[in-house]
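**Student:** mmCIF, C-alpha atoms, saved as data09.cif, coming up:
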data_final
loop_
_atom_site.label_atom_id
_atom_site.label_comp_id
_atom_site.auth_asym_id
_atom_site.auth_seq_id
_atom_site.Cartn_x
_atom_site.Cartn_y
_atom_site.Cartn_z
CA MET A 1 28.60 17.78 -2.94
CA ASP A 2 28.66 21.34 -1.57
CA SER A 3 24.93 21.66 -2.19
CA LEU A 4 24.05 19.00 0.38
CA PRO A 5 22.84 20.05 3.84
CA ARG A 6 25.29 19.90 6.73
CA TYR A 7 23.66 16.85 8.29
CA ALA A 8 24.63 14.82 5.22
CA TYR A 9 28.30 15.02 6.22
CA LEU A 10 30.20 13.19 8.94
CA SER A 11 32.58 14.51 11.54
CA PRO A 12 36.16 13.14 11.24
CA GLU A 13 35.49 10.72 14.09
CA ALA A 14 32.20 9.48 12.62
CA GLU A 15 33.84 9.20 9.21
CA GLN A 16 36.39 6.76 10.60
CA ILE A 17 33.67 4.68 12.25
CA GLU A 18 31.59 4.50 9.06
CA ALA A 19 34.67 3.67 7.00
CA GLU A 20 35.33 0.70 9.28
CA LEU A 21 31.69 -0.42 9.14
CA THR A 22 31.78 -0.21 5.36
CA ARG A 23 35.02 -2.22 5.30
CA GLN A 24 33.41 -4.87 7.51
CA GLY A 25 30.56 -5.26 5.02
CA VAL A 26 27.73 -3.75 7.05
CA TYR A 27 26.35 -2.14 3.89
CA ASN A 28 26.98 -5.09 1.58
CA LEU A 29 24.16 -6.49 -0.51
CA LEU A 30 21.82 -8.81 1.35
CA PRO A 31 21.40 -12.34 -0.10
CA ALA A 32 18.02 -11.36 -1.57
CA GLU A 33 19.62 -8.27 -3.10
CA VAL A 34 22.35 -10.39 -4.69
CA ASN A 35 19.61 -12.37 -6.42
CA TRP A 36 18.19 -9.16 -7.88
CA GLN A 37 21.62 -7.88 -8.90
CA LYS A 38 22.06 -11.11 -10.90
CA ARG A 39 18.91 -10.18 -12.80
CA GLN A 40 19.86 -6.53 -13.36
CA GLN A 41 21.13 -6.90 -16.92
CA PHE A 42 18.15 -9.04 -17.91
CA LEU A 43 15.72 -6.46 -16.54
CA ASP A 44 17.66 -3.57 -18.07
CA LYS A 45 17.38 -5.12 -21.53
CA ARG A 46 13.62 -5.36 -21.04
CA GLY A 47 13.27 -1.74 -20.06
CA TYR A 48 13.44 -1.83 -16.26
CA LYS A 49 16.23 0.04 -14.50
CA LEU A 50 17.17 -0.98 -10.98
CA ARG A 51 18.65 1.45 -8.47
CA ARG A 52 22.38 2.17 -8.39
CA ARG A 53 22.90 -0.30 -5.56
CA TYR A 54 22.07 -3.22 -7.86
CA GLN A 55 24.22 -2.22 -10.83
CA PRO A 56 27.14 -4.54 -11.72
CA GLY A 57 30.29 -3.76 -9.78
CA TRP A 58 28.53 -1.43 -7.37
CA LYS A 59 30.79 0.46 -4.97
CA PRO A 60 29.36 2.53 -2.10
CA SER A 61 29.11 6.18 -3.15
CA TRP A 62 30.26 7.37 0.28
CA ASP A 63 33.46 5.31 0.31
CA GLN A 64 36.56 7.49 0.75
CA THR A 65 34.37 10.55 1.46
CA ASN A 66 32.91 12.27 4.51
CA LEU A 67 29.35 11.65 3.35
CA ASN A 68 26.96 10.08 5.84
CA PRO A 69 25.79 6.74 4.37
CA THR A 70 22.33 7.35 5.85
CA TYR A 71 21.82 10.09 3.27
CA CYS A 72 23.35 8.19 0.35
CA GLU A 73 20.62 6.58 -1.71
CA ASP A 74 22.65 3.48 -2.49
CA SER A 75 22.97 2.56 1.19
CA ILE A 76 19.26 1.75 1.40
CA MET A 77 18.57 -1.98 1.44
CA LEU A 78 15.49 -3.87 0.36
CA THR A 79 12.92 -4.67 3.03
CA THR A 80 11.28 -7.49 1.04
CA TYR A 81 13.11 -10.47 -0.40
CA ASN A 82 10.86 -11.19 -3.39
CA VAL A 83 9.85 -7.68 -4.53
CA ILE A 84 12.05 -4.89 -5.86
CA ASP A 85 11.37 -1.41 -7.17
CA ALA A 86 12.51 -0.31 -10.62
CA VAL A 87 11.95 2.49 -13.11
CA ARG A 88 10.48 1.83 -16.52
CA THR A 89 12.90 3.35 -19.00
CA ARG A 90 10.03 4.04 -21.37
CA GLY A 91 7.97 6.72 -19.66
CA GLY A 92 9.87 6.83 -16.37
CA ASP A 93 7.14 5.27 -14.23
CA ARG A 94 8.19 3.46 -11.08
CA VAL A 95 7.18 -0.19 -10.89
CA SER A 96 7.44 -3.13 -8.53
CA ILE A 97 8.74 -6.49 -9.74
CA LYS A 98 7.77 -9.63 -7.86
CA ARG A 99 9.42 -13.05 -8.12
CA THR A 100 6.72 -15.68 -7.89
CA PRO A 101 6.19 -19.32 -8.92
CA LYS A 102 4.98 -19.82 -12.50
CA GLY A 103 1.68 -21.40 -13.37
CA THR A 104 -0.02 -20.35 -10.16
CA LYS A 105 -3.54 -19.11 -9.66
CA GLU A 106 -2.07 -15.83 -8.40
CA ILE A 107 -0.76 -14.85 -11.83
CA ASP A 108 -3.80 -16.19 -13.68
CA ILE A 109 -6.26 -14.34 -11.44
CA ALA A 110 -4.24 -11.11 -11.50
CA GLN A 111 -4.04 -11.16 -15.31
CA PHE A 112 -7.75 -11.95 -15.58
CA LEU A 113 -8.61 -8.99 -13.35
CA THR A 114 -6.24 -6.75 -15.30
CA SER A 115 -8.11 -7.59 -18.49
CA ILE A 116 -11.35 -6.12 -17.12
CA HIS A 117 -11.54 -2.39 -17.70
CA ALA A 118 -14.00 -0.99 -15.18
CA THR A 119 -14.02 2.11 -13.00
CA ASP A 120 -14.66 0.00 -9.89
CA ASN A 121 -11.71 -2.31 -10.56
CA HIS A 122 -9.43 -1.70 -7.58
CA CYS A 123 -7.10 -4.65 -8.22
CA VAL A 124 -3.44 -3.93 -8.85
CA PRO A 125 -2.86 -4.36 -12.61
CA VAL A 126 -0.21 -6.63 -14.08
CA LEU A 127 1.89 -4.70 -16.60
CA GLU A 128 4.00 -7.61 -17.79
CA VAL A 129 5.02 -11.15 -16.85
CA LEU A 130 8.62 -12.10 -17.60
CA GLN A 131 10.28 -15.48 -17.47
CA ASP A 132 12.89 -15.55 -14.69
CA PRO A 133 16.25 -15.92 -16.50
CA PHE A 134 17.74 -18.21 -13.84
CA GLU A 135 14.81 -20.20 -12.46
CA PRO A 136 12.53 -21.75 -15.12
CA GLN A 137 9.82 -22.42 -12.53
CA ARG A 138 9.57 -18.74 -11.57
CA ALA A 139 8.23 -15.59 -13.20
CA LEU A 140 8.88 -11.89 -12.68
CA VAL A 141 5.56 -10.05 -12.42
CA VAL A 142 5.72 -6.32 -13.14
CA MET A 143 3.12 -4.09 -11.47
CA PRO A 144 2.78 -0.37 -10.73
CA TYR A 145 4.68 0.81 -7.66
CA LEU A 146 2.26 1.25 -4.74
CA ARG A 147 2.68 2.23 -1.09
CA PRO A 148 0.84 1.09 2.07
CA PHE A 149 -2.65 2.58 2.28
CA LYS A 150 -2.00 4.25 5.65
CA ASP A 151 1.39 5.73 4.80
CA PRO A 152 1.18 8.67 5.26
CA ASP A 153 -1.38 8.65 8.05
CA PHE A 154 -4.96 9.61 7.32
CA ASP A 155 -5.61 13.20 8.34
CA ALA A 156 -9.33 13.93 7.90
CA VAL A 157 -12.64 12.10 8.31
CA GLY A 158 -13.40 12.43 4.60
CA GLU A 159 -10.22 10.60 3.69
CA ILE A 160 -11.41 7.51 5.53
CA VAL A 161 -14.87 7.85 3.98
CA ASP A 162 -13.24 7.81 0.53
CA PHE A 163 -11.16 4.76 1.48
CA VAL A 164 -14.21 2.84 2.69
CA SER A 165 -16.06 3.72 -0.51
CA GLN A 166 -13.25 2.51 -2.77
CA MET A 167 -12.68 -0.69 -0.83
CA LEU A 168 -16.36 -1.62 -0.86
CA GLU A 169 -16.74 -1.05 -4.58
CA GLY A 170 -13.47 -2.90 -5.22
CA LEU A 171 -14.64 -5.93 -3.26
CA HIS A 172 -18.00 -5.83 -5.03
CA PHE A 173 -16.09 -5.86 -8.33
CA LEU A 174 -14.13 -8.94 -7.23
CA HIS A 175 -17.22 -10.88 -6.19
CA ARG A 176 -19.13 -9.79 -9.29
CA ASN A 177 -16.35 -11.39 -11.30
CA CYS A 178 -16.41 -14.60 -9.22
CA ILE A 179 -13.21 -13.93 -7.26
CA ALA A 180 -12.82 -14.33 -3.51
CA HIS A 181 -9.68 -12.58 -2.26
CA ARG A 182 -9.42 -14.56 1.01
CA ASP A 183 -6.66 -12.45 2.57
CA ILE A 184 -8.03 -8.93 2.99
CA ALA A 185 -5.81 -7.27 5.60
CA PRO A 186 -3.63 -4.13 5.81
CA PRO A 187 -0.57 -5.57 3.99
CA ASN A 188 -2.78 -6.44 1.00
CA VAL A 189 -4.37 -3.02 0.55
CA MET A 190 -2.16 -0.37 -1.02
CA MET A 191 -2.46 2.95 -2.80
CA ASP A 192 -1.09 4.94 -5.69
CA GLY A 193 0.25 7.89 -3.71
CA ARG A 194 1.81 9.87 -6.55
CA SER A 195 -0.67 12.73 -6.16
CA LEU A 196 0.52 13.23 -2.57
CA TYR A 197 4.18 13.48 -3.60
CA PRO A 198 4.39 15.43 -6.87
CA GLN A 199 8.18 15.73 -6.47
CA GLY A 200 8.49 11.99 -5.87
CA HIS A 201 9.89 10.06 -2.91
CA HIS A 202 12.31 7.23 -2.28
CA PRO A 203 10.68 3.84 -3.00
CA VAL A 204 11.95 2.21 0.21
CA ARG A 205 12.56 5.12 2.58
CA ARG A 206 9.22 6.61 1.65
CA LYS A 207 9.33 9.70 3.88
CA PHE A 208 12.39 10.97 2.03
CA SER A 209 13.14 12.46 -1.37
CA GLU A 210 14.27 10.21 -4.20
CA ASP A 211 17.92 10.93 -3.38
CA ALA A 212 17.21 10.07 0.31
CA VAL A 213 18.59 13.42 1.52
CA TYR A 214 15.50 15.44 2.39
CA GLU A 215 12.33 14.63 4.28
CA VAL A 216 9.26 15.20 2.12
CA ALA A 217 5.83 16.22 3.37
CA PRO A 218 2.73 14.76 1.69
CA LEU A 219 -0.09 16.83 0.31
CA SER A 220 -3.64 16.37 1.61
CA ARG A 221 -5.66 13.38 0.40
CA LEU A 222 -8.77 15.57 0.54
CA GLU A 223 -7.34 17.96 -2.03
CA HIS A 224 -5.28 15.39 -3.92
CA PRO A 225 -7.29 12.14 -3.96
CA VAL A 226 -5.55 8.79 -4.24
CA ARG A 227 -6.67 5.42 -5.58
CA TYR A 228 -6.58 2.30 -3.44
CA PHE A 229 -5.90 -1.25 -4.63
CA TYR A 230 -6.24 -4.83 -3.49
CA VAL A 231 -2.99 -6.74 -4.00
CA ASP A 232 -1.67 -10.30 -3.54
CA PHE A 233 -4.01 -12.92 -4.96
CA GLY A 234 -1.82 -15.81 -3.79
CA ILE A 235 -4.65 -17.63 -1.98
CA SER A 236 -7.55 -16.19 -3.94
CA ILE A 237 -10.10 -18.40 -5.68
CA ARG A 238 -11.84 -17.90 -9.01
CA PHE A 239 -15.18 -19.67 -9.00
CA ALA A 240 -17.07 -20.90 -12.03
CA GLU A 241 -19.85 -18.51 -12.92
CA GLY A 242 -23.16 -19.59 -11.44
CA PHE A 243 -21.61 -21.92 -8.87
CA PRO A 244 -21.72 -21.22 -5.11
CA PRO A 245 -18.50 -19.66 -3.73
CA GLN A 246 -17.80 -22.50 -1.32
CA ALA A 247 -14.33 -22.93 0.20
CA THR A 248 -12.58 -24.57 3.14
CA GLY A 249 -9.51 -23.65 5.15
CA VAL A 250 -8.60 -21.32 7.99
CA ILE A 251 -6.28 -19.05 6.03
CA GLY A 252 -5.41 -15.39 5.59
CA ARG A 253 -4.19 -12.89 8.15
CA TYR A 254 -7.65 -12.44 9.68
CA LYS A 255 -8.63 -15.96 10.76
CA GLU A 256 -11.34 -15.00 13.27
CA ALA A 257 -14.38 -15.17 10.98
CA PRO A 258 -16.63 -17.56 12.97
CA GLU A 259 -17.57 -19.86 10.10
CA MET A 260 -14.03 -20.58 8.87
CA SER A 261 -13.29 -24.30 8.96
CA TYR A 262 -10.76 -26.77 7.63
CA ASP A 263 -13.42 -29.26 6.56
CA VAL A 264 -16.88 -27.61 6.52
CA PRO A 265 -17.42 -25.51 3.37
CA TYR A 266 -18.30 -21.85 3.87
CA ASP A 267 -19.17 -18.86 1.67
CA ALA A 268 -15.81 -17.30 0.76
CA TYR A 269 -17.48 -14.04 -0.29
CA LYS A 270 -19.03 -13.61 3.14
CA VAL A 271 -15.63 -14.19 4.76
CA ASP A 272 -14.19 -11.44 2.54
CA VAL A 273 -16.93 -9.12 3.77
CA TRP A 274 -16.14 -10.04 7.38
CA ALA A 275 -12.42 -9.42 6.81
CA LEU A 276 -12.97 -6.00 5.24
CA GLY A 277 -15.25 -5.08 8.12
CA ASN A 278 -12.51 -6.19 10.49
CA LEU A 279 -10.02 -3.95 8.71
CA PHE A 280 -12.38 -0.98 9.11
CA LEU A 281 -12.78 -1.85 12.79
CA LYS A 282 -9.12 -2.40 13.65
CA GLU A 283 -7.60 0.36 11.54
CA PHE A 284 -10.21 3.10 12.01
CA LEU A 285 -12.93 2.67 14.64
CA GLU A 286 -10.54 1.40 17.30
CA VAL A 287 -7.91 4.02 16.42
CA TYR A 288 -9.86 7.27 15.98
CA HIS A 289 -12.70 9.12 17.69
CA GLY A 290 -15.59 10.48 15.65
CA LEU A 291 -16.20 7.57 13.28
CA ASP A 292 -19.26 6.17 15.04
CA PHE A 293 -21.28 6.62 11.86
CA LEU A 294 -19.37 3.62 10.45
CA GLN A 295 -20.28 1.32 13.36
CA PRO A 296 -23.61 0.07 11.89
CA LEU A 297 -21.84 -0.80 8.64
CA VAL A 298 -19.07 -2.69 10.43
CA ASP A 299 -21.62 -4.51 12.59
CA ALA A 300 -23.53 -5.59 9.48
CA MET A 301 -20.30 -6.79 7.84
CA GLN A 302 -19.27 -8.81 10.90
CA ARG A 303 -22.47 -10.56 11.90
CA ALA A 304 -21.65 -13.99 13.29
CA ASP A 305 -24.25 -15.70 11.11
CA PRO A 306 -23.00 -15.57 7.50
CA ALA A 307 -26.59 -15.79 6.24
CA ALA A 308 -27.42 -12.59 8.13
CA ARG A 309 -24.19 -10.87 7.13
CA VAL A 310 -24.52 -8.16 4.51
CA SER A 311 -23.29 -8.80 0.94
CA THR A 312 -20.99 -6.39 -0.89
CA GLN A 313 -24.00 -4.91 -2.68
CA GLY A 314 -25.84 -4.54 0.61
CA ALA A 315 -22.77 -2.98 2.24
CA MET A 316 -22.46 -0.46 -0.58
CA THR A 317 -26.14 0.46 -0.33
CA MET A 318 -25.84 0.86 3.43
CA PHE A 319 -22.68 2.94 3.13
CA ASN A 320 -24.18 5.21 0.47
CA SER A 321 -27.06 5.94 2.83
CA ILE A 322 -24.60 6.75 5.63
CA GLN A 323 -22.47 8.91 3.36
CA ALA A 324 -25.47 10.95 2.20
CA ARG A 325 -25.99 12.12 5.78
CA LEU A 326 -22.43 13.37 6.29
CA ASN A 327 -21.87 17.11 5.87
CA ASN A 328 -18.82 18.77 4.36
CA PRO A 329 -17.47 20.31 7.59
CA LEU A 330 -17.45 16.85 9.20
CA LEU A 331 -15.67 15.32 6.21
CA ARG A 332 -12.97 17.99 6.35
CA TRP A 333 -12.55 17.75 10.13
CA ARG A 334 -9.34 16.23 11.42
CA LEU A 335 -9.08 12.70 12.73
CA ARG A 336 -8.58 12.51 16.50
CA SER A 337 -6.55 9.59 17.79
CA ARG A 338 -7.88 7.69 20.79
CA THR A 339 -4.42 7.99 22.37
CA GLU A 340 -4.35 11.78 22.02
CA SER A 341 -3.84 13.77 25.24
CA ALA A 342 -6.00 16.74 26.26
CA SER A 343 -3.22 19.22 25.54
CA GLU A 344 -2.60 17.68 22.13
CA ARG A 345 -6.29 17.89 21.38
CA VAL A 346 -6.35 21.64 22.10
CA VAL A 347 -3.40 22.27 19.79
CA TYR A 348 -4.64 20.06 16.97
CA ASP A 349 -8.19 21.41 17.18
CA THR A 350 -6.84 24.96 16.94
CA VAL A 351 -4.92 24.03 13.80
CA ALA A 352 -8.02 22.32 12.38
CA VAL A 353 -10.16 25.43 12.99
CA ALA A 354 -7.54 27.57 11.25
CA ARG A 355 -7.44 25.14 8.34
CA GLU A 356 -11.22 25.25 8.02
CA GLY A 357 -11.11 29.05 8.00
CA LEU A 358 -8.46 29.00 5.28
CA TYR A 359 -10.60 26.61 3.25
CA HIS A 360 -13.56 29.02 3.32
CA LEU A 361 -11.29 31.98 2.53
CA LYS A 362 -9.96 30.20 -0.55
CA ARG A 363 -13.51 29.52 -1.70
CA LEU A 364 -14.41 33.20 -1.33
CA VAL A 365 -11.35 34.29 -3.30
CA THR A 366 -11.89 31.79 -6.09
#
Could you spell out this file's structure in structure tokens?
**Tutor:**
Amino acid sequence: MDSLPRYAYLSPEAEQIEAELTRQGVYNLLPAEVNWQKRQQFLDKRGYKLRRRYQPGWKPSWDQTNLNPTYCEDSIMLTTYNVIDAVRTRGGDRVSIKRTPKGTKEIDIAQFLTSIHATDNHCVPVLEVLQDPFEPQRALVVMPYLRPFKDPDFDAVGEIVDFVSQMLEGLHFLHRNCIAHRDIAPPNVMMDGRSLYPQGHHPVRRKFSEDAVYEVAPLSRLEHPVRYFYVDFGISIRFAEGFPPQATGVIGRYKEAPEMSYDVPYDAYKVDVWALGNLFLKEFLEVYHGLDFLQPLVDAMQRADPAARVSTQGAMTMFNSIQARLNNPLLRWRLRSRTESASERVVYDTVAVAREGLYHLKRLVT
């Protein structure tokens, strides 16, 4: 306890307040957490260890102490009701476990995609599917633990270029294997960020260490590349090979594709292309300066006429041509937010110039 930083302890007055809050049940398990605690022993027997908070008979670690609950790992609640993090006892890898209805296309499609071993497969793999011990109609799907693709924030132009490249080849892989995702949007694109946090991080409070005491700073994506994944195939469709990818319905988070209709069939692949282009537009071009080189690609992906809209293969060809014209200094240059003030720009540009100088110095030394 003595090794903890001072901010991890409470003053006598704050200790009394937190003791009362704890007594009132402010830190009690949420209903969704109770459901996972019920499944703790089942998961433990199958090699998946839940966090201390979900162990049988859990008592708050800060109770009867002057520890600040904020910096006690077992005070951290789940933020999703149907997904929980766990650690695989064999190997120690962190995983996510999702409760989902059995016999759905989501599980079938995810397992089908997992079975295809290809370098351009950017679909989250299914590690195991378990029968829910309490609900026969539900399954527990085990997948690698991933984090949101923009957490931490992108820092350099080249990091976005790498993201665009991976997402295009991943969508081409899906369509090549007759799958339309149908819900491409920020919540359904994630990344394996382990290379950015070699010392690990907390699975829920991601900016903190695994014990939730210390803030952790990520490494650079340029120097420590990450892999991005498409997730959540709940409304995806697998088409028969050789048949047109026709679908109906105005579904998904991005519903603005002009051809989407409840009753007139449309090309689901072309809607995927539109949605990915929309993600590039909303998350990058409208957020940062200096990404104008992506505008022609986004325009081609979002043409109003689906017949004139580029395919995934066409988008990849177009992007490869764009990428070939980008030089290394541009790729390493920092991203500049459109909300950045003039004074902030001066400071950040100075840091970026220093970073570029350090990069060249390292190359000379090595």
**Student:** Give me the residues near Thr248 in chain A as a VMD selection string, where near means some atom within 12 Å (using all atoms listed in the file) and where sequence neighbours in that chain fewer than 2 positions away do not count.
**Tutor:** chain A and resid 182 235 237 245 to 246 250 to 252 259 to 268 271
**Student:** Output the residue selection produced by the PyMOL selection byres ((chain A and resi 311) around 9) on the file above, formatted as a list of chain:residue names.
**Tutor:**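 Selected by the PyMOL selection byres ((chain A and resi 311) around 9) in this file: A:His172, A:Tyr269, A:Lys270, A:Val273, A:Met301, A:Arg309, A:Val310, A:Thr312, A:Gln313, A:Gly314, A:Ala315, A:Met316.
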**Student:** In terms of the shortest atom-to-atom distance over all atoms listed in the file, which of A:Thr80, A:Asn121, A:Asn68, A:Ser195 is closest to Arg221 in chain A?
**Tutor:**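 Looking only at the distances to Arg221 in chain A, the closest residue turns out to be A:Ser195.
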**Student:** Please indicate the distance in Å from CA of Tyr7 in chain A to CA of Gln64 in chain A, rounded to one decimal place.
**Tutor:**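 Pair CA of Tyr7 in chain A / CA of Gln64 in chain A returns 17.6 Å.
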**Student:** Written as an MDAnalysis selection string, which residues does the PyMOL selection byres ((chain A and resi 101-108) around 10) give for the file shown?
**Tutor:** chainID A and resid 98:100 109:114 126 129:132 135:141 232:238
**Student:** I want to know what sits within 9 Å of Ala217 in chain A, based on only C-alpha atoms, with residues of the same chain fewer than 4 positions away left out; could you give that as a list in words?
**Tutor:**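 Result of the neighbour search: Leu196, Tyr197, Lys207 and Phe208 of chain A.
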**Student:** I'd like the contact shell of Ile184 in chain A - 9 Å cut-off, only C-alpha atoms, skipping same-chain residues fewer than 2 positions apart - returned as an MDAnalysis selection string.
**Tutor:** chainID A and resid 181:182 186:189 230:231 252:254 272:273 275:276 279
